[in-house]
Amino acid sequence: MNAFNFLAPKRQKKPRDNGITMVLDKGMGLHTAEDLMKICGEYVDLLKFGWGTIAIHNRQLIKEKIRMYQKYDVDPYPGGTLFEIAFRKEKLPEYFDEAEKLGFRTLEISDGSTTINPADKSKIIAEAKERGFKVISEVGKKDPAEDLKLSLKDRVNLIKMDLDAGADKVLVEARESGQNIGMFDKEGKVKVEEVNYLIKNIPVDKLIWEAPKKNQQIHFILQIGTDVNLGNITPEEITALETLRLGLRGDTIGKVGL
Amino acid sequence: MNAFNFLAPKRQKKPRDNGITMVLDKGMGLHTAEDLMKICGEYVDLLKFGWGTIAIHNRQLIKEKIRMYQKYDVDPYPGGTLFEIAFRKEKLPEYFDEAEKLGFRTLEISDGSTTINPADKSKIIAEAKERGFKVISEVGKKDPAEDLKLSLKDRVNLIKMDLDAGADKVLVEARESGQNIGMFDKEGKVKVEEVNYLIKNIPVDKLIWEAPKKNQQIHFILQIGTDVNLGNITPEEITALETLRLGLRGDTIGKVGL
Amino acid sequence: MNAFNFLAPKRQKKPRDNGITMVLDKGMGLHTAEDLMKICGEYVDLLKFGWGTIAIHNRQLIKEKIRMYQKYDVDPYPGGTLFEIAFRKEKLPEYFDEAEKLGFRTLEISDGSTTINPADKSKIIAEAKERGFKVISEVGKKDPAEDLKLSLKDRVNLIKMDLDAGADKVLVEARESGQNIGMFDKEGKVKVEEVNYLIKNIPVDKLIWEAPKKNQQIHFILQIGTDVNLGNITPEEITALETLRLGLRGDTIGKVGL
């Protein structure tokens, strides 16, 4: 039971298909991370080990972090950039093998920093699915200049291709910063028309919006609803995001219809 | 004894009535928080569990956090937004009861996100005091548009009403961000004339200035003094703030008269 | 062995004379800091206890933190501001003694907040060296108005004097913020011409660039190379910086020539 139990509405418990929160771990210590999961792990569905970070961390320690997160019903997965590095080095079989050995159940297939032919990306997604992984794909470019070249129609087509290939969810890229990329302008404000175009053309429960900034989280919760899927949440904001979803913070109090 | 003991001036020890530091905990893990208190707990007087965060945390764990903080002579209390939610749900008696059972000794009575008749607010402050709680009230609105409607005269009158009703201290609202609210402009700079007006009309030891940004902390320390009451300090800035107060950082070195 | 070992290039191991990472600890708890060192301590060469922070921390706890860091082959040292306070109070002999007793092997000699005659600074550097300390000096002023008065030629001359006096490395001041100071403009962008001037006149392996912001780190890595010396890195960015150095993050992938 929670403190002041009578004051908070309840959301659907994990595992759930929407209202997902994906957290970005860029190298937390094992015990610090577990201490955090003890207090707010129930609000985390997915956890991304950011970009190539785990390739410089001790293998045994990473196995322990993976098991620890899974104990709290949090599904950890390696960042898409790590997949892209394996792709560039033509080491995809080794990549899948190592991911399996480490205990990962989910992989991200992205092309944010690398040019991958869309047909090839589809094949890789299908292969990862065949190997038994849950697949999260990502659409968007990490370089703002490259990202701006993607029209909305391009984005929708790429998302549809990934979903057709078997991706379980598609991330809308925003990086750690949430500025000048994808759905966000240079100051991190939401480009509402772009969001509208995407949700008109793609089932919204298939999308995870990377939304590291509070104003972005509030926007998506108020526009799409409490059960919007949000990603790239910093570890220290896990509880804060959940209170926004539940109307327990000034910004959404009385506005979320729970 | 401290390291390099001969280099640092000493402030009055806790419990103290001014020079108070109030920290904002938005969901730290228990052991991480205790590890921090071990190194800098002596510089923390009050600790706010931000807005409605504890209503989504395990009751037993929150009891342990409360006891842990009290062990370090830190006085934790639930955020004013939680009180406001109880007020909106007409659950004030249950709110006071639960706060008592959990072990809280201090409560915040605010109307930052909710309209509460000033006379009602006074009654509630008095009731909390009767029940044996220390009361910190807050003046200011969380919505910047609403907050701007409060004239300086309004603010002073509201603060005086809260003090007359029995509030031990009054928080000057600035939220977690410290921007575009209360005493701070859109960039977080201090509105000096507004601060001057407040301190001309209210005994300054009765006010706690929410001042999450370093430039704001420096301003208050240099204008009002080492023993100014400051709030909404992030946990990782506890030591940093104390060094500003003591002239142990470049910004205040040789300027604080200790 | 690391996870996905076959995907990451290797850098020279510690102890090393370049490619140094200096981290800023502004008051972390002992166990939290050790938990972090377990996962990424091998990427940290130097660790600065920021400004005067340790003068308000328990002496025994600081001794334990020093030993803990040294166990991970991380060399901790007290911030230059603490030295400057000792200088102002005419307590330099006591300062050296206490540093030795606490277990420090490295000291920072700076004049960022205090006016010290350059010849005096040289003498103090030489004295610290004679006492057996490794010395890191710092050039630059913490007050932006004062800092702007330093011409590039001044900076180069001061750096050369410190090196001549025996300093092992010289820090290029940027404070915790990395804005409006030294090599960075008000928004934290790199002043490339100033950097160029410095590296034309000083052996680059003698300099440690304080570069707290990601854009700054990327700039130095791409301009000077993977093995550039960088400082004032926040603890949570240790892993992230190392991935930038190694081309394991979108910003440097395929660009670092490893």
# chains A, B, ... in the order shown; residues from 1 in each chain; ligands from 1

call {"tool": "interface_residues", "arguments": {"of": "chain A", "to": "chain C", "cutoff": "9 Å", "atoms": "only C-alpha atoms", "output": "ChimeraX atom specification"}}
result
/A:26-32,50-63,81-82,85-86,89,91,94-95,98-99,102,112-114,142-143

call {"tool": "select_by_dssp", "arguments": {"residues": "segment 60-205 of chain B", "states": "strand (DSSP E or B)", "output": "ChimeraX atom specification"}}
result
/B:75-78,106-109,134-139,169-172,181,184,190

call {"tool": "write_last_selection", "arguments": {"atoms": "N, CA, C and O atoms", "output": "compact mmCIF listing (two decimals), in the first residue's frame"}}
result
# COMPACT_ATOMS: atom_id res chain seq x y z
N ASP B 75 14.00 17.67 9.08
CA ASP B 75 12.56 17.59 9.28
C ASP B 75 11.86 17.46 7.92
O ASP B 75 11.72 18.43 7.19
N PRO B 76 11.42 16.24 7.57
CA PRO B 76 10.77 16.05 6.26
C PRO B 76 9.29 16.39 6.33
O PRO B 76 8.67 16.24 7.38
N TYR B 77 8.73 16.84 5.22
CA TYR B 77 7.28 17.10 5.19
C TYR B 77 6.76 16.93 3.77
O TYR B 77 7.51 17.05 2.80
N PRO B 78 5.47 16.60 3.65
CA PRO B 78 4.90 16.37 2.32
C PRO B 78 4.64 17.69 1.58
O PRO B 78 4.28 18.68 2.21
N THR B 106 5.77 18.17 10.45
CA THR B 106 5.58 19.46 9.79
C THR B 106 4.68 19.26 8.57
O THR B 106 4.75 18.21 7.93
N LEU B 107 3.85 20.25 8.30
CA LEU B 107 3.01 20.19 7.09
C LEU B 107 3.11 21.51 6.33
O LEU B 107 3.39 22.56 6.91
N GLU B 108 2.91 21.41 5.01
CA GLU B 108 2.84 22.63 4.21
C GLU B 108 1.38 22.86 3.81
O GLU B 108 0.71 21.95 3.33
N ILE B 109 0.94 24.08 4.03
CA ILE B 109 -0.42 24.47 3.63
C ILE B 109 -0.28 25.52 2.53
O ILE B 109 0.21 26.62 2.78
N LYS B 134 4.05 21.58 13.07
CA LYS B 134 4.67 22.83 12.64
C LYS B 134 4.09 23.12 11.26
O LYS B 134 3.87 22.18 10.48
N VAL B 135 3.80 24.37 10.95
CA VAL B 135 3.18 24.67 9.65
C VAL B 135 4.03 25.63 8.83
O VAL B 135 4.45 26.68 9.32
N ILE B 136 4.26 25.20 7.60
CA ILE B 136 4.89 26.08 6.63
C ILE B 136 3.84 26.37 5.59
O ILE B 136 3.26 25.44 5.02
N SER B 137 3.53 27.63 5.39
CA SER B 137 2.56 27.94 4.34
C SER B 137 3.31 28.42 3.12
O SER B 137 4.50 28.72 3.17
N GLU B 138 2.61 28.45 2.02
CA GLU B 138 3.25 28.91 0.78
C GLU B 138 2.36 29.94 0.14
O GLU B 138 1.13 29.79 0.11
N VAL B 139 2.98 30.99 -0.39
CA VAL B 139 2.23 32.02 -1.10
C VAL B 139 2.78 32.14 -2.51
O VAL B 139 3.99 32.25 -2.71
N LYS B 169 6.58 29.50 9.21
CA LYS B 169 7.36 30.15 8.14
C LYS B 169 6.45 30.23 6.92
O LYS B 169 5.50 29.44 6.77
N VAL B 170 6.78 31.14 6.00
CA VAL B 170 6.04 31.21 4.74
C VAL B 170 7.02 31.07 3.58
O VAL B 170 8.02 31.79 3.50
N LEU B 171 6.70 30.13 2.70
CA LEU B 171 7.51 29.93 1.50
C LEU B 171 7.12 30.92 0.42
O LEU B 171 5.93 31.10 0.14
N VAL B 172 8.10 31.52 -0.24
CA VAL B 172 7.84 32.34 -1.41
C VAL B 172 8.02 31.43 -2.63
O VAL B 172 9.13 31.00 -2.95
N ILE B 181 8.32 33.13 -12.27
CA ILE B 181 7.40 32.93 -11.15
C ILE B 181 7.92 33.69 -9.93
O ILE B 181 9.13 33.75 -9.71
N PHE B 184 11.22 35.78 -9.60
CA PHE B 184 12.18 35.51 -10.67
C PHE B 184 11.58 35.72 -12.06
O PHE B 184 10.43 35.38 -12.30
N VAL B 190 16.73 37.51 -10.46
CA VAL B 190 15.97 37.99 -9.31
C VAL B 190 15.36 39.37 -9.62
O VAL B 190 16.03 40.25 -10.13

call {"tool": "atom_distance", "arguments": {"atom1": "atom CA of Ser151 of chain B", "atom2": "atom CA of Pro203 of chain B"}}
result
18.8 Å

call {"tool": "atom_distance", "arguments": {"atom1": "atom CA of Gly166 of chain B", "atom2": "atom CA of Gln216 of chain B"}}
result
28.0 Å

call {"tool": "select_by_dssp", "arguments": {"residues": "segment 42-199 of chain B", "states": "helix (DSSP H, G or I)", "output": "VMD selection string"}}
result
chain B and resid 42 to 43 53 to 56 59 to 71 80 to 88 92 to 102 118 to 130 144 to 148 152 to 165 192 to 199

call {"tool": "residues_around", "arguments": {"residues": "Val195 of chain A", "least_positions_apart": "2", "cutoff": "10 Å", "atoms": "only C-alpha atoms", "output": "CSV table (one decimal) with N, CA, C and O atoms, in the first residue's frame"}}
result
chain,number,residue,atom,x,y,z
A,152,LEU,N,7.6,14.7,-43.0
A,152,LEU,CA,6.6,14.0,-42.2
A,152,LEU,C,6.1,12.7,-42.9
A,152,LEU,O,6.0,11.7,-42.2
A,182,GLY,N,13.4,16.0,-34.4
A,182,GLY,CA,12.1,15.3,-34.4
A,182,GLY,C,11.0,16.2,-34.2
A,182,GLY,O,10.7,17.2,-34.9
A,183,MET,N,10.2,16.0,-33.1
A,183,MET,CA,9.0,16.8,-32.8
A,183,MET,C,9.3,18.0,-32.1
A,183,MET,O,8.4,18.7,-31.7
A,184,PHE,N,10.6,18.4,-31.8
A,184,PHE,CA,10.9,19.5,-30.9
A,184,PHE,C,11.8,20.5,-31.6
A,184,PHE,O,12.7,20.2,-32.4
A,190,VAL,N,7.3,21.7,-28.3
A,190,VAL,CA,6.7,20.6,-29.2
A,190,VAL,C,6.1,21.3,-30.5
A,190,VAL,O,5.5,22.3,-30.5
A,191,LYS,N,6.5,20.6,-31.6
A,191,LYS,CA,5.9,21.0,-32.9
A,191,LYS,C,4.5,20.3,-33.1
A,191,LYS,O,4.5,19.2,-33.6
A,192,VAL,N,3.5,21.0,-32.6
A,192,VAL,CA,2.2,20.3,-32.5
A,192,VAL,C,1.7,19.7,-33.8
A,192,VAL,O,1.1,18.6,-33.9
A,193,GLU,N,1.9,20.5,-34.9
A,193,GLU,CA,1.3,20.0,-36.2
A,193,GLU,C,2.0,18.7,-36.6
A,193,GLU,O,1.4,17.8,-37.2
A,197,TYR,N,0.2,15.1,-37.2
A,197,TYR,CA,0.3,14.4,-38.4
A,197,TYR,C,0.7,12.9,-38.1
A,197,TYR,O,0.1,12.0,-38.7
A,198,LEU,N,1.6,12.7,-37.2
A,198,LEU,CA,1.9,11.3,-36.9
A,198,LEU,C,0.8,10.5,-36.3
A,198,LEU,O,0.5,9.4,-36.7
A,199,ILE,N,0.1,11.2,-35.3
A,199,ILE,CA,-1.0,10.4,-34.7
A,199,ILE,C,-2.2,10.2,-35.6
A,199,ILE,O,-3.0,9.3,-35.3
A,200,LYS,N,-2.3,11.0,-36.6
A,200,LYS,CA,-3.4,10.8,-37.6
A,200,LYS,C,-3.0,9.6,-38.5
A,200,LYS,O,-3.9,8.9,-39.0
A,209,TRP,N,7.2,8.2,-27.6
A,209,TRP,CA,7.8,9.6,-27.8
A,209,TRP,C,8.9,9.8,-26.9
A,209,TRP,O,8.7,9.8,-25.7
A,220,PHE,N,2.4,15.9,-24.1
A,220,PHE,CA,1.9,14.6,-24.6
A,220,PHE,C,0.8,14.0,-23.7
A,220,PHE,O,-0.1,13.5,-24.1
A,223,GLN,N,-2.3,16.2,-24.4
A,223,GLN,CA,-2.8,16.0,-25.7
A,223,GLN,C,-3.3,14.6,-26.0
A,223,GLN,O,-4.4,14.4,-26.5
A,224,ILE,N,-2.5,13.6,-25.6
A,224,ILE,CA,-2.8,12.2,-26.0
A,224,ILE,C,-3.4,11.4,-24.8
A,224,ILE,O,-4.2,10.5,-25.0

call {"tool": "residues_around", "arguments": {"residues": "Asn18 of chain B", "least_positions_apart": "4", "cutoff": "8 Å", "atoms": "only C-alpha atoms", "output": "JSON, numbers by chain"}}
result
{"B": [205, 227, 228, 229]}

call {"tool": "residues_around", "arguments": {"residues": "Arg131 of chain A", "least_positions_apart": "2", "cutoff": "10 Å", "atoms": "only C-alpha atoms", "output": "list in words"}}
result
Phe96, Asp97, Glu100, Arg105, Ile125, Ala126, Glu127, Ala128, Lys129, Phe133 and Lys134 of chain A
